[in-house]
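J.: Got my_file.tsv for you, TSV, C-alpha atoms and all ligand atoms:
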chain	number	residue	atom	x	y	z
A	206	MET	CA	22.07	-19.91	16.68
A	207	THR	CA	18.48	-20.36	17.84
A	208	VAL	CA	15.70	-18.99	15.65
A	209	ARG	CA	12.87	-17.51	17.74
A	210	VAL	CA	9.39	-17.87	16.26
A	211	LEU	CA	6.49	-16.04	17.91
A	212	THR	CA	3.03	-17.51	17.37
A	213	LEU	CA	-0.16	-15.43	17.41
A	214	VAL	CA	-3.37	-17.44	17.70
A	215	GLY	CA	-6.59	-16.15	16.15
A	216	SER	CA	-8.89	-17.83	18.67
A	217	LEU	CA	-9.19	-16.89	22.34
A	218	ARG	CA	-11.21	-19.87	23.54
A	219	ALA	CA	-9.61	-22.15	26.10
A	220	GLY	CA	-10.08	-25.31	24.03
A	221	SER	CA	-8.97	-23.71	20.76
A	222	HIS	CA	-7.71	-26.19	18.19
A	223	ASN	CA	-5.59	-23.42	16.68
A	224	ARG	CA	-3.98	-22.88	20.05
A	225	GLN	CA	-3.36	-26.63	20.14
A	226	LEU	CA	-1.79	-26.35	16.68
A	227	ALA	CA	0.53	-23.69	18.11
A	228	GLU	CA	1.31	-25.99	21.04
A	229	ALA	CA	2.21	-28.74	18.56
A	230	ALA	CA	4.56	-26.28	16.82
A	231	VAL	CA	6.19	-25.52	20.19
A	232	GLU	CA	6.67	-29.20	20.96
A	233	HIS	CA	7.76	-30.38	17.51
A	234	ALA	CA	9.90	-27.45	16.41
A	235	PRO	CA	12.97	-28.53	14.44
A	236	ASP	CA	16.36	-28.37	16.17
A	237	GLY	CA	17.57	-24.82	16.57
A	238	VAL	CA	14.05	-23.37	16.46
A	239	HIS	CA	12.32	-22.05	19.58
A	240	VAL	CA	8.57	-21.46	19.18
A	241	GLU	CA	6.70	-19.38	21.73
A	242	ILE	CA	2.97	-18.64	21.96
A	243	TYR	CA	1.91	-15.04	22.57
A	244	ASP	CA	-0.63	-15.27	25.38
A	245	ASP	CA	-1.96	-11.74	25.76
A	246	LEU	CA	-3.95	-10.95	22.60
A	247	ALA	CA	-7.18	-10.77	24.64
A	248	ASP	CA	-5.80	-7.70	26.47
A	249	LEU	CA	-5.30	-5.70	23.28
A	250	PRO	CA	-7.82	-2.85	22.82
A	251	PHE	CA	-9.30	-2.26	19.39
A	252	TYR	CA	-6.89	-0.31	17.24
A	253	ASN	CA	-7.55	3.41	17.44
A	254	GLU	CA	-5.21	6.03	15.99
A	255	ASP	CA	-6.23	8.47	18.74
A	256	ILE	CA	-4.56	6.33	21.41
A	257	ASP	CA	-1.62	5.23	19.26
A	258	THR	CA	0.59	8.14	20.31
A	259	THR	CA	3.80	8.16	22.34
A	260	ASP	CA	1.96	9.29	25.45
A	261	THR	CA	-1.15	7.13	25.17
A	262	VAL	CA	-0.24	3.87	23.48
A	263	PRO	CA	-1.74	1.04	25.59
A	264	SER	CA	0.78	-1.13	27.43
A	265	ALA	CA	-0.77	-4.22	25.81
A	266	ALA	CA	0.12	-2.85	22.37
A	267	THR	CA	3.67	-1.99	23.42
A	268	HIS	CA	4.04	-5.48	24.88
A	269	LEU	CA	2.88	-7.08	21.61
A	270	ARG	CA	5.10	-4.84	19.49
A	271	GLU	CA	8.13	-5.63	21.64
A	272	ALA	CA	7.45	-9.36	21.52
A	273	VAL	CA	7.22	-9.36	17.71
A	274	THR	CA	10.28	-7.12	17.36
A	275	ALA	CA	12.27	-9.56	19.51
A	276	ALA	CA	11.22	-12.56	17.39
A	277	ASP	CA	13.05	-13.67	14.25
A	278	ALA	CA	9.84	-14.84	12.58
A	279	VAL	CA	6.09	-14.96	13.15
A	280	LEU	CA	3.67	-17.86	12.81
A	281	LEU	CA	-0.03	-16.98	12.67
A	282	CYS	CA	-2.45	-19.80	13.62
A	283	SER	CA	-5.98	-18.94	12.67
A	284	PRO	CA	-9.45	-20.39	12.30
A	285	GLU	CA	-11.98	-18.82	9.95
A	286	TYR	CA	-14.88	-16.73	11.23
A	287	ASN	CA	-17.67	-16.11	8.72
A	288	GLY	CA	-15.41	-16.63	5.78
A	289	THR	CA	-12.59	-14.39	6.92
A	290	ILE	CA	-9.96	-13.58	9.54
A	291	PRO	CA	-11.11	-13.42	13.21
A	292	ALA	CA	-11.14	-9.87	14.60
A	293	VAL	CA	-8.65	-10.67	17.33
A	294	LEU	CA	-5.93	-11.53	14.83
A	295	LYS	CA	-6.76	-8.66	12.46
A	296	ASN	CA	-6.60	-6.27	15.41
A	297	ALA	CA	-3.13	-7.56	16.32
A	298	ILE	CA	-1.96	-7.11	12.72
A	299	ASP	CA	-3.32	-3.54	12.74
A	300	TRP	CA	-1.36	-2.65	15.89
A	301	LEU	CA	1.75	-4.29	14.40
A	302	SER	CA	1.37	-2.34	11.15
A	303	ARG	CA	2.00	1.03	12.82
A	304	PRO	CA	3.99	3.29	12.88
A	305	PHE	CA	3.51	3.13	9.11
A	306	GLY	CA	6.63	1.79	7.44
A	307	THR	CA	8.39	0.88	10.70
A	308	GLY	CA	5.86	-1.38	12.46
A	309	ALA	CA	7.02	-4.51	14.26
A	310	LEU	CA	5.99	-6.73	11.34
A	311	GLN	CA	8.19	-4.84	8.89
A	312	ASN	CA	10.26	-7.39	6.91
A	313	LYS	CA	9.43	-10.07	9.48
A	314	PRO	CA	9.28	-13.54	7.90
A	315	THR	CA	5.68	-14.62	8.52
A	316	ALA	CA	3.76	-17.80	7.78
A	317	VAL	CA	0.07	-18.56	8.29
A	318	VAL	CA	-1.43	-21.92	9.22
A	319	GLY	CA	-4.69	-22.95	10.78
A	320	THR	CA	-7.58	-25.27	11.22
A	321	ALA	CA	-11.33	-24.69	10.95
A	322	PHE	CA	-14.49	-26.71	11.02
A	323	GLY	CA	-15.26	-26.37	7.32
A	324	GLN	CA	-14.01	-28.53	4.47
A	325	TYR	CA	-11.28	-26.07	3.40
A	326	GLY	CA	-9.72	-25.66	6.84
A	327	GLY	CA	-10.16	-21.90	6.99
A	328	VAL	CA	-8.19	-21.16	3.85
A	329	TRP	CA	-10.11	-17.92	3.20
A	330	ALA	CA	-9.13	-16.59	6.63
A	331	GLN	CA	-5.52	-17.69	6.21
A	332	ASP	CA	-5.35	-16.05	2.76
A	333	GLU	CA	-6.75	-12.85	4.29
A	334	ALA	CA	-4.21	-13.03	7.11
A	335	ARG	CA	-1.41	-13.34	4.52
A	336	LYS	CA	-2.80	-10.36	2.64
A	337	ALA	CA	-3.13	-8.17	5.75
A	338	ALA	CA	0.28	-9.15	7.16
A	339	GLY	CA	1.88	-8.43	3.78
A	340	ILE	CA	0.27	-4.99	3.57
A	341	ALA	CA	1.44	-4.42	7.17
A	342	GLY	CA	4.99	-4.93	5.91
A	343	ALA	CA	5.70	-8.56	6.77
A	344	LYS	CA	7.72	-10.78	4.48
A	345	VAL	CA	4.91	-13.30	3.98
A	346	LEU	CA	5.80	-16.82	2.92
A	347	ASP	CA	3.02	-17.64	0.48
A	348	SER	CA	4.16	-21.20	-0.07
A	349	ALA	CA	4.44	-22.16	3.63
A	350	THR	CA	0.83	-23.12	4.25
A	351	LEU	CA	-1.15	-25.62	6.26
A	352	SER	CA	-4.97	-25.60	6.35
A	353	ILE	CA	-6.56	-28.48	8.22
A	354	PRO	CA	-10.28	-29.08	7.64
A	355	GLY	CA	-12.80	-30.63	10.02
A	356	SER	CA	-11.16	-29.31	13.20
A	357	GLY	CA	-14.09	-30.27	15.43
A	358	THR	CA	-13.97	-33.93	14.51
A	359	ARG	CA	-10.29	-34.39	13.67
A	360	PHE	CA	-9.12	-32.96	16.98
A	361	ALA	CA	-12.04	-34.11	19.15
A	362	GLU	CA	-10.04	-36.98	20.59
A	363	THR	CA	-6.57	-36.32	19.22
A	364	HIS	CA	-4.44	-33.31	20.09
A	365	PRO	CA	-2.59	-32.02	17.00
A	366	ARG	CA	0.69	-32.85	18.79
A	367	ASN	CA	-0.15	-36.53	18.21
A	368	ASP	CA	-1.23	-36.16	14.57
A	369	THR	CA	1.64	-37.24	12.33
A	370	GLU	CA	0.42	-35.41	9.23
A	371	VAL	CA	-0.02	-32.18	11.20
A	372	ILE	CA	3.44	-32.46	12.76
A	373	GLU	CA	5.00	-33.03	9.34
A	374	GLY	CA	3.14	-30.03	7.89
A	375	LEU	CA	4.13	-27.78	10.79
A	376	ARG	CA	7.78	-28.80	10.54
A	377	LYS	CA	7.83	-27.95	6.82
A	378	VAL	CA	6.38	-24.52	7.56
A	379	LEU	CA	8.86	-23.94	10.40
A	380	ASP	CA	11.78	-25.08	8.21
A	381	GLU	CA	10.79	-22.58	5.53
A	382	LEU	CA	10.26	-19.83	8.08
A	383	THR	CA	13.66	-20.54	9.60
A	384	ALA	CA	15.37	-20.45	6.21
A	385	HIS	CA	13.95	-16.98	5.60
A	386	ALA	CA	14.65	-15.80	9.15
A	387	THR	CA	18.31	-16.74	8.95
A	388	ALA	CA	18.64	-15.22	5.46
A	389	VAL	CA	17.57	-11.77	6.78
B	1	LIG	C1	-18.17	-16.80	14.88
B	1	LIG	C2	-17.76	-18.05	14.18
B	1	LIG	C3	-17.74	-18.09	12.80
B	1	LIG	C4	-17.31	-19.25	12.13
B	1	LIG	N1	-17.21	-19.25	10.77
B	1	LIG	C5	-16.62	-20.30	10.14
B	1	LIG	C6	-16.34	-20.24	8.75
B	1	LIG	O1	-16.62	-19.28	8.07
B	1	LIG	N2	-15.71	-21.31	8.19
B	1	LIG	C7	-15.35	-22.41	8.93
B	1	LIG	O2	-14.77	-23.34	8.37
B	1	LIG	N3	-15.63	-22.50	10.25
B	1	LIG	C8	-16.24	-21.46	10.87
B	1	LIG	N4	-16.49	-21.51	12.21
B	1	LIG	C9	-16.15	-22.73	12.96
B	1	LIG	C10	-14.69	-22.69	13.37
B	1	LIG	O3	-13.88	-23.07	12.27
B	1	LIG	C11	-14.44	-23.66	14.51
B	1	LIG	O4	-15.25	-23.29	15.62
B	1	LIG	C12	-12.97	-23.67	14.90
B	1	LIG	O5	-12.72	-24.80	15.66
B	1	LIG	C13	-12.59	-22.46	15.69
B	1	LIG	O6	-11.21	-22.49	15.96
B	1	LIG	P1	-10.65	-22.80	17.41
B	1	LIG	O7	-10.88	-24.27	17.69
B	1	LIG	O8	-9.20	-22.49	17.32
B	1	LIG	O9	-11.39	-21.94	18.39
B	1	LIG	C14	-16.93	-20.38	12.88
B	1	LIG	C15	-16.99	-20.35	14.29
B	1	LIG	C16	-17.39	-19.20	14.92
B	1	LIG	C17	-17.38	-19.16	16.45
Starting from the file, lay out its structure as structure tokens.

T.:
Amino acid sequence: MTVRVLTLVGSLRAGSHNRQLAEAAVEHAPDGVHVEIYDDLADLPFYNEDIDTTDTVPSAATHLREAVTAADAVLLCSPEYNGTIPAVLKNAIDWLSRPFGTGALQNKPTAVVGTAFGQYGGVWAQDEARKAAGIAGAKVLDSATLSIPGSGTRFAETHPRNDTEVIEGLRKVLDELTAHATAV
């Protein structure tokens, strides 16, 4: 059995170190784990209950909901923006939290990792992402964490895929995520 992990990245910029972290997860996933990066978060409109109806739900939201529903587990990779979660990721969680009680994140094993420029690696944002995903119904793995500080310098010359400590940390998170995904 292959466990499918969908990764949502909280930064849209082309050179995003969090995207690179997700790429490292794709490349170094343990045997039996397939990690995929969700590429279309930039297309998602801001959440608005008025358009979240059967007739009007945006195709970008349906696409995201279907992708998360099809996954066995979710890995959020996020930097920190002004001490909290970037809007792009929070917006995705909001879309995934509805319909209330049956959203795509419901009971979905979910882990949060990330890297940021500051000395704590974006831990505030990752804590907030855990909180929001949990309230949205996800089965959040509080112990499967990885916060890498100093993103701008650490990954200036080295892609995370070549950073042994990062690879080890990602594999631990993916192992834990897989254990929960297969226990569902
Ligand atoms: C709007 C904005 C706010 C930021 N706020 C923080 C912050 O609160 N803490 C922090 O450690 N880094 C902060 N940074 C720096 C980011 O951690 C850094 O740019 C990081 O590399 C962004 O992730 P990315 O490489 O995946 O795009 C901020 C960057 C931006 C653009």

J.: Considering only C-alpha atoms, can you say which of A:Asp299, A:Asp244, A:Glu370, A:Asp380 comes closest to A:Ala338?

T.: A:Asp299

J.: Residues within 12 Å of ligand LIG 1 (chain B), counting all atoms listed in the file: report them as number ranges by chain.

T.: A: 213-228, 281-294, 318-331, 352-361, 364-365

J.: I need the chosen residues saved as a compact mmCIF listing (two decimals), keeping the file's coordinate frame, with C-alpha atoms.

T.:
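Saved file result-v2.txt follows:
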# COMPACT_ATOMS: atom_id res chain seq x y z
CA LEU A 213 -0.16 -15.43 17.41
CA VAL A 214 -3.37 -17.44 17.70
CA GLY A 215 -6.59 -16.15 16.15
CA SER A 216 -8.89 -17.83 18.67
CA LEU A 217 -9.19 -16.89 22.34
CA ARG A 218 -11.21 -19.87 23.54
CA ALA A 219 -9.61 -22.15 26.10
CA GLY A 220 -10.08 -25.31 24.03
CA SER A 221 -8.97 -23.71 20.76
CA HIS A 222 -7.71 -26.19 18.19
CA ASN A 223 -5.59 -23.42 16.68
CA ARG A 224 -3.98 -22.88 20.05
CA GLN A 225 -3.36 -26.63 20.14
CA LEU A 226 -1.79 -26.35 16.68
CA ALA A 227 0.53 -23.69 18.11
CA GLU A 228 1.31 -25.99 21.04
CA LEU A 281 -0.03 -16.98 12.67
CA CYS A 282 -2.45 -19.80 13.62
CA SER A 283 -5.98 -18.94 12.67
CA PRO A 284 -9.45 -20.39 12.30
CA GLU A 285 -11.98 -18.82 9.95
CA TYR A 286 -14.88 -16.73 11.23
CA ASN A 287 -17.67 -16.11 8.72
CA GLY A 288 -15.41 -16.63 5.78
CA THR A 289 -12.59 -14.39 6.92
CA ILE A 290 -9.96 -13.58 9.54
CA PRO A 291 -11.11 -13.42 13.21
CA ALA A 292 -11.14 -9.87 14.60
CA VAL A 293 -8.65 -10.67 17.33
CA LEU A 294 -5.93 -11.53 14.83
CA VAL A 318 -1.43 -21.92 9.22
CA GLY A 319 -4.69 -22.95 10.78
CA THR A 320 -7.58 -25.27 11.22
CA ALA A 321 -11.33 -24.69 10.95
CA PHE A 322 -14.49 -26.71 11.02
CA GLY A 323 -15.26 -26.37 7.32
CA GLN A 324 -14.01 -28.53 4.47
CA TYR A 325 -11.28 -26.07 3.40
CA GLY A 326 -9.72 -25.66 6.84
CA GLY A 327 -10.16 -21.90 6.99
CA VAL A 328 -8.19 -21.16 3.85
CA TRP A 329 -10.11 -17.92 3.20
CA ALA A 330 -9.13 -16.59 6.63
CA GLN A 331 -5.52 -17.69 6.21
CA SER A 352 -4.97 -25.60 6.35
CA ILE A 353 -6.56 -28.48 8.22
CA PRO A 354 -10.28 -29.08 7.64
CA GLY A 355 -12.80 -30.63 10.02
CA SER A 356 -11.16 -29.31 13.20
CA GLY A 357 -14.09 -30.27 15.43
CA THR A 358 -13.97 -33.93 14.51
CA ARG A 359 -10.29 -34.39 13.67
CA PHE A 360 -9.12 -32.96 16.98
CA ALA A 361 -12.04 -34.11 19.15
CA HIS A 364 -4.44 -33.31 20.09
CA PRO A 365 -2.59 -32.02 17.00

J.: Might you pull out every residue within 10 Å of A:Leu301, with all atoms listed in the file counted and same-chain residues fewer than 4 positions away left off, and present them as a ChimeraX atom specification?

T.: /A:252,266-267,269-271,273-274,295-297,305,307-311,338,341-343

J.: Find the residue from A:Glu362, A:Ala276, A:Ser264, A:Ser302 that sits nearest to A:Asp245; use all atoms listed in the file when measuring.

T.: A:Ser264

J.: Out of A:Leu211, A:Ala234, A:Ser348, A:Ala265, which residue has the shortest atom-to-atom distance to A:Asp248 when counting all atoms listed in the file?

T.: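 Ranked by minimum distance to A:Asp248, first place goes to A:Ala265.
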
J.: With only C-alpha atoms as the atoms that count, which of A:His233, A:Lys336, A:Arg303, A:Arg209 lies nearest to A:Leu280?

T.: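 So, comparing all the options, the nearest one is A:Arg209.
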
J.: I'd like the interatomic distance between atom CA of A:His239 and atom CA of A:Val262, to a tenth of an Å.

T.: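 Atom-to-atom, atom CA of A:His239 to atom CA of A:Val262, that is 29.1 Å.
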
J.: Could you check which of A:Val231, A:Ala272, A:Ile372, A:Val317 is closest to A:Leu351, using all atoms listed in the file?

T.: A:Val317

J.: Quick one: pull the distance between atom CA of A:Ile242 and atom CA of A:Thr212, Å, one decimal.

T.: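 Computing the Euclidean distance for atom CA of A:Ile242 and atom CA of A:Thr212 yields 4.7 Å.
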
J.: Using only C-alpha atoms, can you tell me which of A:Asp257, A:Glu241, A:Asp277, A:Asp236 comes closest to A:Lys344?

T.: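 Ranking A:Asp257, A:Glu241, A:Asp277, A:Asp236 by distance to A:Lys344, first place goes to A:Asp277.
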
J.: So how far away is atom CA of A:His268 from atom CA of A:Arg335, in Å?

T.: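 Going from atom CA of A:Arg335 over to atom CA of A:His268 covers 22.5 Å.
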
J.: Pick out the residues sitting within 9 Å of A:Ala386, and hand them over as a PyMOL selection string; count all atoms listed in the file, and ignore anything fewer than 4 positions along from it in its own chain.

T.: chain A and resi 208-209+277-278+313-314+381-382

J.: How about saving the chosen residues, C-alpha atoms kept, as a PDB file, in the frame of the given file?

T.:
ATOM      1  CA  VAL A 208      15.700 -18.990  15.650  1.00  0.00           C
ATOM      2  CA  ARG A 209      12.870 -17.510  17.740  1.00  0.00           C
ATOM      3  CA  ASP A 277      13.050 -13.670  14.250  1.00  0.00           C
ATOM      4  CA  ALA A 278       9.840 -14.840  12.580  1.00  0.00           C
ATOM      5  CA  LYS A 313       9.430 -10.070   9.480  1.00  0.00           C
ATOM      6  CA  PRO A 314       9.280 -13.540   7.900  1.00  0.00           C
ATOM      7  CA  GLU A 381      10.790 -22.580   5.530  1.00  0.00           C
ATOM      8  CA  LEU A 382      10.260 -19.830   8.080  1.00  0.00           C
TER       9      LEU A 382
END
